[in-house]
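Below: protein.cif (mmCIF, C-alpha atoms and all ligand atoms)
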data_query
#
loop_
_atom_site.label_atom_id
_atom_site.label_comp_id
_atom_site.auth_asym_id
_atom_site.auth_seq_id
_atom_site.Cartn_x
_atom_site.Cartn_y
_atom_site.Cartn_z
CA MET A 1 -80.97 -74.59 -33.14
CA ALA A 2 -79.09 -71.31 -33.02
CA LYS A 3 -80.98 -68.21 -31.90
CA LEU A 4 -81.28 -65.51 -34.53
CA LEU A 5 -83.44 -62.93 -32.79
CA GLU A 6 -84.12 -62.35 -29.12
CA VAL A 7 -86.45 -59.65 -27.89
CA ASN A 8 -86.34 -59.26 -24.11
CA ASN A 9 -88.81 -57.22 -22.06
CA LEU A 10 -89.49 -54.75 -24.84
CA SER A 11 -91.87 -51.91 -23.99
CA ILE A 12 -92.91 -49.11 -26.32
CA SER A 13 -94.88 -46.08 -25.25
CA PHE A 14 -95.72 -42.71 -26.72
CA THR A 15 -95.68 -39.41 -24.94
CA GLN A 16 -98.59 -37.31 -25.99
CA TYR A 17 -99.65 -33.87 -24.93
CA VAL A 18 -103.37 -33.66 -24.33
CA GLN A 19 -104.91 -30.18 -24.40
CA GLY A 20 -101.56 -28.47 -24.68
CA LEU A 21 -99.57 -29.24 -21.57
CA ASN A 22 -100.96 -32.40 -20.01
CA ARG A 23 -98.41 -35.13 -20.62
CA HIS A 24 -99.86 -38.57 -21.16
CA ASP A 25 -97.80 -41.71 -21.68
CA SER A 26 -99.65 -44.40 -23.59
CA LYS A 27 -98.05 -47.81 -23.54
CA VAL A 28 -98.60 -49.85 -26.68
CA ILE A 29 -96.22 -52.79 -26.09
CA SER A 30 -95.49 -54.05 -22.56
CA ASP A 31 -92.71 -56.35 -21.45
CA LEU A 32 -92.59 -58.30 -24.70
CA THR A 33 -90.30 -61.31 -24.86
CA ILE A 34 -89.99 -63.47 -27.97
CA ASP A 35 -87.26 -65.26 -29.89
CA VAL A 36 -86.79 -66.66 -33.38
CA ASN A 37 -84.38 -69.47 -34.15
CA GLU A 38 -82.72 -70.49 -37.39
CA ASN A 39 -84.95 -72.80 -39.40
CA GLU A 40 -88.05 -71.50 -37.67
CA ILE A 41 -91.15 -69.44 -38.42
CA VAL A 42 -92.63 -67.66 -35.43
CA ALA A 43 -95.98 -65.94 -35.88
CA ILE A 44 -97.16 -63.02 -33.80
CA LEU A 45 -100.93 -63.11 -33.83
CA GLY A 46 -102.79 -60.08 -32.58
CA SER A 47 -105.73 -57.92 -33.49
CA SER A 48 -105.44 -54.66 -35.38
CA GLY A 49 -103.91 -51.78 -33.42
CA SER A 50 -102.23 -54.10 -30.89
CA GLY A 51 -98.69 -52.87 -31.67
CA LYS A 52 -97.52 -55.54 -34.11
CA SER A 53 -96.10 -53.14 -36.69
CA LEU A 54 -94.36 -51.20 -33.93
CA LEU A 55 -92.62 -54.41 -32.89
CA ALA A 56 -91.43 -54.89 -36.50
CA HIS A 57 -90.29 -51.28 -36.73
CA SER A 58 -88.38 -51.46 -33.47
CA ILE A 59 -86.42 -54.48 -34.73
CA LEU A 60 -85.61 -52.61 -37.95
CA GLY A 61 -84.82 -49.33 -36.16
CA ILE A 62 -87.51 -47.29 -37.89
CA LEU A 63 -89.81 -46.30 -35.02
CA PRO A 64 -91.32 -42.82 -35.04
CA TYR A 65 -89.27 -40.19 -33.19
CA ASN A 66 -91.77 -39.85 -30.32
CA ALA A 67 -91.60 -43.53 -29.31
CA ASN A 68 -90.07 -44.35 -25.92
CA VAL A 69 -88.45 -47.77 -25.92
CA THR A 70 -87.05 -49.93 -23.11
CA GLY A 71 -85.80 -53.50 -23.19
CA GLU A 72 -83.26 -55.31 -25.27
CA ILE A 73 -83.11 -56.77 -28.78
CA LYS A 74 -80.32 -59.16 -29.79
CA TYR A 75 -79.44 -60.55 -33.20
CA LYS A 76 -77.10 -63.54 -33.39
CA ASP A 77 -76.10 -62.91 -29.76
CA LYS A 78 -75.16 -59.27 -30.38
CA ILE A 79 -77.09 -56.32 -28.99
CA LEU A 80 -79.00 -54.88 -31.89
CA ASP A 81 -78.37 -51.18 -31.39
CA GLN A 82 -79.37 -48.47 -33.84
CA SER A 83 -76.13 -48.58 -35.84
CA LEU A 84 -76.23 -52.38 -36.20
CA LYS A 85 -79.91 -52.16 -37.19
CA GLU A 86 -79.00 -49.72 -39.96
CA GLU A 87 -76.09 -51.87 -41.09
CA LEU A 88 -78.17 -55.07 -41.34
CA ARG A 89 -81.40 -53.55 -42.64
CA GLY A 90 -82.19 -54.65 -46.19
CA GLU A 91 -79.30 -57.13 -46.08
CA GLU A 92 -79.34 -59.70 -43.25
CA ILE A 93 -82.61 -58.47 -41.80
CA CYS A 94 -85.37 -57.61 -44.26
CA LEU A 95 -88.86 -56.31 -43.73
CA ILE A 96 -91.96 -56.88 -45.77
CA PRO A 97 -93.76 -53.76 -44.59
CA GLN A 98 -97.49 -53.66 -44.05
CA SER A 99 -97.93 -50.33 -45.76
CA VAL A 100 -97.27 -49.63 -49.44
CA ASN A 101 -96.19 -46.16 -48.33
CA PHE A 102 -92.77 -47.73 -47.77
CA LEU A 103 -92.19 -47.54 -51.52
CA ASP A 104 -90.18 -44.53 -52.65
CA PRO A 105 -92.58 -42.57 -54.89
CA LEU A 106 -89.74 -41.08 -56.94
CA MET A 107 -87.90 -44.27 -57.87
CA LYS A 108 -88.70 -46.93 -60.45
CA VAL A 109 -89.81 -50.10 -58.69
CA SER A 110 -87.10 -52.42 -60.08
CA LYS A 111 -84.40 -49.96 -58.98
CA GLN A 112 -85.70 -49.82 -55.42
CA ALA A 113 -86.14 -53.58 -55.31
CA ILE A 114 -82.48 -54.06 -56.29
CA GLY A 115 -81.27 -51.48 -53.78
CA GLU A 116 -77.75 -50.12 -53.47
CA CYS A 117 -74.96 -52.19 -55.00
CA LYS A 118 -71.25 -51.86 -54.35
CA ASP A 119 -70.23 -52.55 -57.96
CA ASN A 120 -71.53 -53.49 -61.38
CA LYS A 121 -71.10 -57.21 -60.73
CA GLU A 122 -73.40 -57.08 -57.70
CA TYR A 123 -75.88 -55.02 -59.71
CA GLU A 124 -75.95 -57.56 -62.56
CA GLU A 125 -76.50 -60.44 -60.11
CA LYS A 126 -79.24 -58.65 -58.25
CA LYS A 127 -80.90 -57.55 -61.50
CA ILE A 128 -81.20 -61.21 -62.55
CA ARG A 129 -82.62 -62.13 -59.15
CA GLN A 130 -85.02 -59.18 -59.21
CA ARG A 131 -86.42 -60.32 -62.56
CA GLU A 132 -86.76 -63.91 -61.32
CA VAL A 133 -88.61 -62.92 -58.17
CA PHE A 134 -90.79 -60.36 -59.95
CA SER A 135 -91.90 -62.88 -62.59
CA LYS A 136 -92.65 -65.47 -59.94
CA TYR A 137 -95.21 -63.02 -58.57
CA GLY A 138 -96.58 -62.24 -62.02
CA LEU A 139 -94.83 -58.87 -62.37
CA ASP A 140 -93.68 -58.84 -66.01
CA GLU A 141 -90.86 -56.74 -67.49
CA SER A 142 -93.14 -53.80 -68.21
CA VAL A 143 -93.50 -53.35 -64.43
CA ASP A 144 -89.76 -52.81 -63.88
CA ASP A 145 -89.83 -49.24 -65.15
CA LEU A 146 -93.01 -48.17 -63.42
CA TYR A 147 -93.20 -45.75 -60.52
CA PRO A 148 -95.21 -46.74 -57.41
CA PHE A 149 -98.19 -44.50 -58.30
CA GLU A 150 -98.62 -46.50 -61.51
CA LEU A 151 -99.15 -49.77 -59.60
CA SER A 152 -102.38 -51.26 -58.32
CA GLY A 153 -102.54 -52.02 -54.59
CA GLY A 154 -101.94 -55.74 -55.16
CA MET A 155 -98.96 -55.07 -57.46
CA ALA A 156 -97.43 -52.70 -54.91
CA ARG A 157 -97.68 -55.41 -52.24
CA LYS A 158 -95.95 -57.87 -54.57
CA VAL A 159 -93.15 -55.37 -55.18
CA LEU A 160 -92.64 -55.00 -51.40
CA LEU A 161 -92.62 -58.75 -50.98
CA SER A 162 -90.14 -59.25 -53.85
CA THR A 163 -87.89 -56.49 -52.53
CA ALA A 164 -87.50 -58.29 -49.19
CA LEU A 165 -86.82 -61.63 -50.86
CA ILE A 166 -84.24 -60.22 -53.30
CA GLY A 167 -82.26 -59.05 -50.25
CA ASN A 168 -81.72 -62.73 -49.32
CA PRO A 169 -82.09 -62.14 -45.57
CA ASP A 170 -81.14 -64.44 -42.68
CA LEU A 171 -84.06 -62.98 -40.75
CA LEU A 172 -87.26 -61.89 -42.45
CA ILE A 173 -89.84 -59.79 -40.65
CA ALA A 174 -93.07 -60.16 -42.59
CA ASP A 175 -95.64 -57.61 -41.40
CA GLU A 176 -99.06 -58.76 -42.66
CA PRO A 177 -97.69 -59.92 -46.02
CA THR A 178 -100.87 -61.49 -47.44
CA PRO A 179 -103.96 -59.24 -47.15
CA GLY A 180 -105.06 -57.81 -50.49
CA LEU A 181 -103.27 -60.49 -52.51
CA ASP A 182 -105.00 -62.89 -54.87
CA LYS A 183 -105.22 -66.53 -53.78
CA LYS A 184 -102.30 -67.69 -55.94
CA SER A 185 -100.01 -64.96 -54.59
CA VAL A 186 -101.02 -65.79 -51.01
CA GLU A 187 -99.98 -69.40 -51.66
CA GLU A 188 -96.70 -68.24 -53.29
CA THR A 189 -95.97 -65.99 -50.31
CA ILE A 190 -96.56 -68.76 -47.79
CA LEU A 191 -94.40 -71.08 -49.90
CA ASP A 192 -91.60 -68.51 -50.07
CA ILE A 193 -91.71 -67.98 -46.32
CA ARG A 194 -91.51 -71.75 -45.81
CA ASN A 195 -88.63 -71.96 -48.30
CA LEU A 196 -86.66 -69.40 -46.32
CA LYS A 197 -87.06 -71.62 -43.29
CA GLU A 198 -85.77 -74.63 -45.26
CA LEU A 199 -82.70 -72.54 -46.11
CA ASN A 200 -82.07 -72.33 -42.35
CA LYS A 201 -83.32 -68.75 -42.08
CA GLY A 202 -85.71 -67.36 -39.50
CA VAL A 203 -89.02 -65.61 -40.06
CA LEU A 204 -91.09 -63.45 -37.75
CA LEU A 205 -94.52 -63.47 -39.33
CA ILE A 206 -96.84 -60.76 -38.09
CA THR A 207 -100.49 -61.33 -38.79
CA HIS A 208 -104.03 -60.84 -37.54
CA GLU A 209 -105.22 -63.89 -39.48
CA ILE A 210 -105.13 -67.03 -37.37
CA ASN A 211 -105.32 -69.28 -40.45
CA VAL A 212 -102.17 -67.75 -41.96
CA ALA A 213 -100.37 -68.31 -38.64
CA LEU A 214 -101.64 -71.90 -38.39
CA GLU A 215 -100.68 -72.75 -41.97
CA THR A 216 -97.22 -71.25 -41.82
CA ALA A 217 -95.70 -71.05 -38.36
CA ASP A 218 -93.85 -73.46 -36.09
CA ARG A 219 -94.64 -71.41 -32.99
CA ILE A 220 -97.34 -68.82 -32.44
CA ALA A 221 -97.17 -65.94 -29.98
CA ILE A 222 -100.52 -64.53 -28.96
CA PHE A 223 -100.51 -60.79 -28.51
CA TYR A 224 -103.27 -59.32 -26.35
CA SER A 225 -103.50 -55.68 -25.38
CA GLY A 226 -99.76 -55.15 -25.84
CA TYR A 227 -98.76 -58.30 -23.94
CA VAL A 228 -97.57 -61.64 -25.22
CA ILE A 229 -99.89 -63.90 -23.23
CA GLU A 230 -98.87 -67.27 -24.67
CA ILE A 231 -96.20 -68.75 -26.95
CA ASN A 232 -97.09 -72.26 -28.01
CA ASN A 233 -96.32 -74.72 -30.81
CA ALA A 234 -98.57 -74.23 -33.83
CA GLU A 235 -99.43 -77.92 -33.61
CA ASN A 236 -101.14 -77.35 -30.25
CA PHE A 237 -103.50 -74.76 -31.75
CA LYS A 238 -105.50 -77.51 -33.44
CA ASN A 239 -107.25 -78.20 -30.17
CA ALA A 240 -108.36 -75.70 -27.51
CA GLU A 241 -107.37 -78.21 -24.84
CA ASN A 242 -103.71 -78.00 -25.85
CA VAL A 243 -103.38 -74.25 -25.45
CA LEU A 244 -103.24 -72.70 -22.01
CA HIS A 245 -104.49 -69.14 -21.86
CA PRO A 246 -108.28 -68.62 -21.60
CA TYR A 247 -108.04 -66.00 -24.37
CA THR A 248 -106.19 -68.42 -26.67
CA LYS A 249 -108.81 -71.08 -25.94
CA ALA A 250 -111.58 -68.58 -26.80
CA LEU A 251 -109.73 -67.66 -30.00
CA ILE A 252 -109.59 -71.27 -31.16
CA GLU A 253 -113.19 -71.92 -30.23
CA SER A 254 -114.19 -68.87 -32.28
CA LEU A 255 -112.92 -70.47 -35.51
CA PRO A 256 -115.71 -71.43 -37.94
CA GLU A 257 -114.78 -75.11 -37.76
CA ASN A 258 -115.17 -74.99 -33.98
CA GLY A 259 -118.60 -73.39 -34.03
CA PHE A 260 -117.82 -69.66 -33.59
CA LYS A 261 -118.10 -69.51 -29.82
CA LEU A 262 -116.94 -65.91 -29.66
CA THR A 263 -116.15 -64.73 -26.15
CA GLU A 264 -113.38 -62.28 -26.95
CA GLY A 265 -114.60 -59.04 -25.40
CA VAL A 266 -112.78 -55.76 -25.89
CA GLN A 267 -109.07 -55.24 -25.34
CA PRO A 268 -108.52 -52.37 -22.87
CA LEU A 269 -107.07 -49.26 -24.49
CA ASP A 270 -105.36 -47.93 -21.39
CA GLU A 271 -102.80 -49.69 -19.26
CA VAL A 272 -104.63 -51.67 -16.55
CA ALA A 273 -103.27 -52.61 -13.12
CA GLY A 274 -103.84 -56.34 -13.43
CA CYS A 275 -104.17 -58.92 -16.17
CA PRO A 276 -105.50 -57.21 -19.33
CA TYR A 277 -107.90 -60.12 -19.92
CA TRP A 278 -109.22 -60.00 -16.37
CA GLU A 279 -112.66 -58.58 -17.16
CA ASN A 280 -113.47 -61.13 -19.86
CA CYS A 281 -111.85 -64.12 -18.22
CA PRO A 282 -113.99 -67.13 -17.25
CA VAL A 283 -111.31 -68.52 -14.90
CA ARG A 284 -110.12 -65.32 -13.21
CA LEU A 285 -108.82 -65.34 -9.67
CA ASP A 286 -109.15 -62.58 -7.07
CA LYS A 287 -105.62 -61.37 -7.61
CA CYS A 288 -106.00 -60.97 -11.39
CA GLU A 289 -107.65 -57.55 -11.11
CA LYS A 290 -104.75 -55.79 -9.38
CA ASN A 291 -101.68 -57.90 -10.20
CA LYS A 292 -99.90 -58.66 -13.47
CA PRO A 293 -98.96 -62.25 -14.18
CA LYS A 294 -95.44 -62.77 -15.56
CA LEU A 295 -94.60 -64.75 -18.67
CA ILE A 296 -93.49 -68.10 -17.29
CA ASN A 297 -92.45 -71.42 -18.75
CA HIS A 298 -95.07 -74.07 -18.03
CA ASN A 299 -93.98 -77.46 -19.37
CA GLY A 300 -92.24 -75.78 -22.30
CA ILE A 301 -95.13 -73.42 -23.11
CA MET A 302 -94.71 -69.73 -22.31
CA ILE A 303 -97.80 -68.45 -20.54
CA ARG A 304 -98.85 -65.28 -18.73
CA CYS A 305 -101.69 -66.37 -16.40
CA PHE A 306 -101.91 -66.80 -12.62
CA ASN A 307 -103.71 -70.11 -13.07
CA TYR A 308 -100.37 -71.64 -14.07
CA GLU A 309 -98.18 -70.04 -11.41
CA GLU A 310 -97.34 -71.80 -8.17
CA VAL A 311 -100.04 -71.35 -5.50
CA ASN A 312 -97.66 -69.86 -2.93
CA ASP A 313 -95.89 -67.39 -5.20
CA GLY A 314 -96.10 -64.51 -2.73
CA THR A 315 -98.42 -62.29 -4.77
N1 LIG B 1 -96.34 -42.15 -33.83
C1 LIG B 1 -97.27 -42.58 -32.96
N2 LIG B 1 -97.69 -41.78 -31.94
C2 LIG B 1 -98.62 -42.22 -31.06
N3 LIG B 1 -99.18 -43.44 -31.09
C3 LIG B 1 -98.81 -44.27 -32.07
C4 LIG B 1 -97.83 -43.90 -33.07
N4 LIG B 1 -97.66 -44.95 -33.90
C5 LIG B 1 -98.49 -45.93 -33.47
N5 LIG B 1 -99.17 -45.53 -32.38
C6 LIG B 1 -100.15 -46.30 -31.61
O1 LIG B 1 -99.75 -47.65 -31.56
C7 LIG B 1 -100.86 -48.50 -31.84
C8 LIG B 1 -100.36 -49.77 -32.48
O2 LIG B 1 -99.96 -49.54 -33.78
P1 LIG B 1 -99.51 -50.69 -34.78
O3 LIG B 1 -98.21 -51.24 -34.34
O4 LIG B 1 -99.56 -50.11 -36.14
O5 LIG B 1 -100.65 -51.81 -34.60
P2 LIG B 1 -100.90 -53.13 -35.47
O6 LIG B 1 -99.77 -53.27 -36.43
O7 LIG B 1 -100.96 -54.25 -34.47
O8 LIG B 1 -102.21 -52.93 -36.15
C9 LIG B 1 -101.80 -47.67 -32.69
O9 LIG B 1 -103.12 -48.01 -32.44
C10 LIG B 1 -101.53 -46.27 -32.23
O10 LIG B 1 -102.43 -45.95 -31.19
MG MG B 2 -99.70 -53.38 -38.36
#

Can you turn what I pasted into structure tokens?
Ligand SMILES: Nc1ncnc2c1ncn2[C@@H]1O[C@H](COP(=O)(O)OP(=O)(O)O)[C@@H](O)[C@H]1O
Ligand SMILES: [Mg+2]
Amino acid sequence: MAKLLEVNNLSISFTQYVQGLNRHDSKVISDLTIDVNENEIVAILGSSGSGKSLLAHSILGILPYNANVTGEIKYKDKILDQSLKEELRGEEICLIPQSVNFLDPLMKVSKQAIGECKDNKEYEEKKIRQREVFSKYGLDESVDDLYPFELSGGMARKVLLSTALIGNPDLLIADEPTPGLDKKSVEETILDIRNLKELNKGVLLITHEINVALETADRIAIFYSGYVIEINNAENFKNAENVLHPYTKALIESLPENGFKLTEGVQPLDEVAGCPYWENCPVRLDKCEKNKPKLINHNGIMIRCFNYEEVNDGT
């Protein structure tokens, strides 16, 4: 399977000035490593405010100006620098944004869904595709000429979704594509994401809903306090015994079908010296408070936990 996207050791922080002159760097994403292959759906599962949208925006090259970024992003083996991001955006790499504010308030929705075209022929082709995709999501012809302010929240989400699919991307970044949609549209969306995979494309599905990740993804990356703490096959999430990290186990046990044993605790807001899950962890070791575990490969599962590192690892 060829690699489409590789994110290596990505960190994102913001410099903020507290009370005028005191500089404070707040790290939102730390040392994030993830990849997406052709013919694969990878879900990033994390709670609200954990930096998921920032990850999406860094891949697309649309981070806010005050973001400090380190690390490397590659697309089809090429470094994805800002100019390549801009070249591929909306074409090979498409985003379903989380916020409806991504719609241009001054442009009719069908026009923005079609995007720029190099000639009339491309326009005609895309117009046909736009109509097809819109009607699949129940957006009839009267919607084409509306402006974003004339849409309901659900319609606006469908327009964003359609816009990304009309682009026919090789890599789709879907940032929380389902909340606020009716049941039928949620099913359509999941089906469309799966169809992209069947067409040998790759999808990075960002969500805070474990059920959406379980229903859709091949692999799931668990995001906790800015860190990817485990990347495991979706299949293994059916049973808490087949996942490794204590937080992932707690997450699975907290599902209604497993009796809601909620042990999550609070994710620290500030960067901590050791493992971010240390305080809540039932299997913590002495060194977890002051040392950070690395993301390591344990029998094919990526895990960030000292319990799976060699005993004599020098830390
Ligand atoms: N422009 C910004 N300046 C400072 N902090 C920001 C900025 N944008 C986002 N953040 C911080 O990053 C955090 C993560 O944001 P986000 O990626 O939207 O989370 P998620 O998508 O997981 O809900 C936010 O809680 C916020 O504190
Ligand atoms: Mg978000």

Which residues are near ligand LIG 1 (chain B) - at most 9 Å, using only C-alpha atoms and all ligand atoms? Format: as a count of residues only. 36

Give me, please, the distance in Å between atom CA of A:Val186 and atom CA of A:Ala240, quoted to one decimal.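 If I compute the distance from atom CA of A:Val186 to atom CA of A:Ala240, I get 26.5 Å.
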
Measuring atom to atom with all atoms listed in the file, identify which of A:Ile193, A:Leu103, A:Leu165, A:Ile44 is nearest to ligand MG 2 (chain B). A:Ile44

Between atom CA of A:Asn307 and atom CA of A:Ala234 - distance in Å to one decimal: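 Distance reported for this atom pair: 21.8 Å.
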
Let me make sure I understand: among A:Ala2, A:Ile41, A:Val7, A:Ala250, which one has the smallest atom-to-atom distance to A:Leu214 if we use only C-alpha atoms?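 Under the stated criterion, the closest residue is A:Ile41.
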
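Take the candidates A:Leu205, A:Met302, A:Val18, A:Cys275 and check each one against ligand MG 2 (chain B) using all atoms listed in the file; the shortest distance goes to A:Leu205.
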
Looking at all atoms listed in the file, which of A:Glu87, A:Glu122, A:Glu141, A:Asp35 is the one that sits closest to A:Val109?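 Looking at the shortest contact to A:Val109, the residue is A:Glu141.
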
Quick one: axis-aligned box around all listed atoms of stretch 202-212 of chain A, 5 Å on every side, centre and edge lengths in Å to one decimal, written as lines of an AutoDock Vina configuration file.
center_x = -95.5
center_y = -65.0
center_z = -39.7
size_x = 29.6
size_y = 18.5
size_z = 14.6

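Around A:Val133, within 10 Å and counting all atoms listed in the file, the residues found are A:Lys127, A:Ile128, A:Arg129, A:Tyr137, A:Gly138, A:Leu139, A:Lys158, A:Val159, A:Leu161, A:Ser162, A:Thr163, A:Leu165, A:Ile166, once anything fewer than 4 positions away on its own chain is removed.
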
Selected residues, C-alpha atoms, written as a short mmCIF file (atom, residue, chain, number, x, y, z; two decimals), keeping the file's coordinate frame, please.
data_model
loop_
_atom_site.label_atom_id
_atom_site.label_comp_id
_atom_site.auth_asym_id
_atom_site.auth_seq_id
_atom_site.Cartn_x
_atom_site.Cartn_y
_atom_site.Cartn_z
CA LYS A 127 -80.90 -57.55 -61.50
CA ILE A 128 -81.20 -61.21 -62.55
CA ARG A 129 -82.62 -62.13 -59.15
CA TYR A 137 -95.21 -63.02 -58.57
CA GLY A 138 -96.58 -62.24 -62.02
CA LEU A 139 -94.83 -58.87 -62.37
CA LYS A 158 -95.95 -57.87 -54.57
CA VAL A 159 -93.15 -55.37 -55.18
CA LEU A 161 -92.62 -58.75 -50.98
CA SER A 162 -90.14 -59.25 -53.85
CA THR A 163 -87.89 -56.49 -52.53
CA LEU A 165 -86.82 -61.63 -50.86
CA ILE A 166 -84.24 -60.22 -53.30
#

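Point (-103.1, -76.3, -29.9) has the following residues at most 12 Å away: Leu214, Asp218, Arg219, Ile220, Ala221, Glu230, Ile231, Asn232, Asn233, Ala234, Glu235, Asn236, Phe237, Lys238, Asn239, Ala240, Glu241, Asn242, Val243, Leu244, His245, Thr248, Lys249, Ala250, Leu251, Ile252, Glu253 and Ile301 of chain A (atoms considered: all atoms listed in the file).
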
Take the residues from that selection and write them out as a short mmCIF file (atom, residue, chain, number, x, y, z; two decimals), in the frame of the given file, keeping C-alpha atoms.
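Okay, part_6.cif is ready:
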data_model
loop_
_atom_site.label_atom_id
_atom_site.label_comp_id
_atom_site.auth_asym_id
_atom_site.auth_seq_id
_atom_site.Cartn_x
_atom_site.Cartn_y
_atom_site.Cartn_z
CA LEU A 214 -101.64 -71.90 -38.39
CA ASP A 218 -93.85 -73.46 -36.09
CA ARG A 219 -94.64 -71.41 -32.99
CA ILE A 220 -97.34 -68.82 -32.44
CA ALA A 221 -97.17 -65.94 -29.98
CA GLU A 230 -98.87 -67.27 -24.67
CA ILE A 231 -96.20 -68.75 -26.95
CA ASN A 232 -97.09 -72.26 -28.01
CA ASN A 233 -96.32 -74.72 -30.81
CA ALA A 234 -98.57 -74.23 -33.83
CA GLU A 235 -99.43 -77.92 -33.61
CA ASN A 236 -101.14 -77.35 -30.25
CA PHE A 237 -103.50 -74.76 -31.75
CA LYS A 238 -105.50 -77.51 -33.44
CA ASN A 239 -107.25 -78.20 -30.17
CA ALA A 240 -108.36 -75.70 -27.51
CA GLU A 241 -107.37 -78.21 -24.84
CA ASN A 242 -103.71 -78.00 -25.85
CA VAL A 243 -103.38 -74.25 -25.45
CA LEU A 244 -103.24 -72.70 -22.01
CA HIS A 245 -104.49 -69.14 -21.86
CA THR A 248 -106.19 -68.42 -26.67
CA LYS A 249 -108.81 -71.08 -25.94
CA ALA A 250 -111.58 -68.58 -26.80
CA LEU A 251 -109.73 -67.66 -30.00
CA ILE A 252 -109.59 -71.27 -31.16
CA GLU A 253 -113.19 -71.92 -30.23
CA ILE A 301 -95.13 -73.42 -23.11
#

Quote the spacing between atom CA of A:Cys94 and atom CA of A:Thr189 in Å to one decimal place. 14.8 Å

Using only C-alpha atoms, which residues sit within 12 Å of A:Leu88 once same-chain residues fewer than 5 positions away are excluded, as JSON, numbers by chain? {"A": [59, 60, 61, 75, 76, 80, 81, 82, 83, 93, 94, 95, 167, 168, 169, 170, 171, 172]}
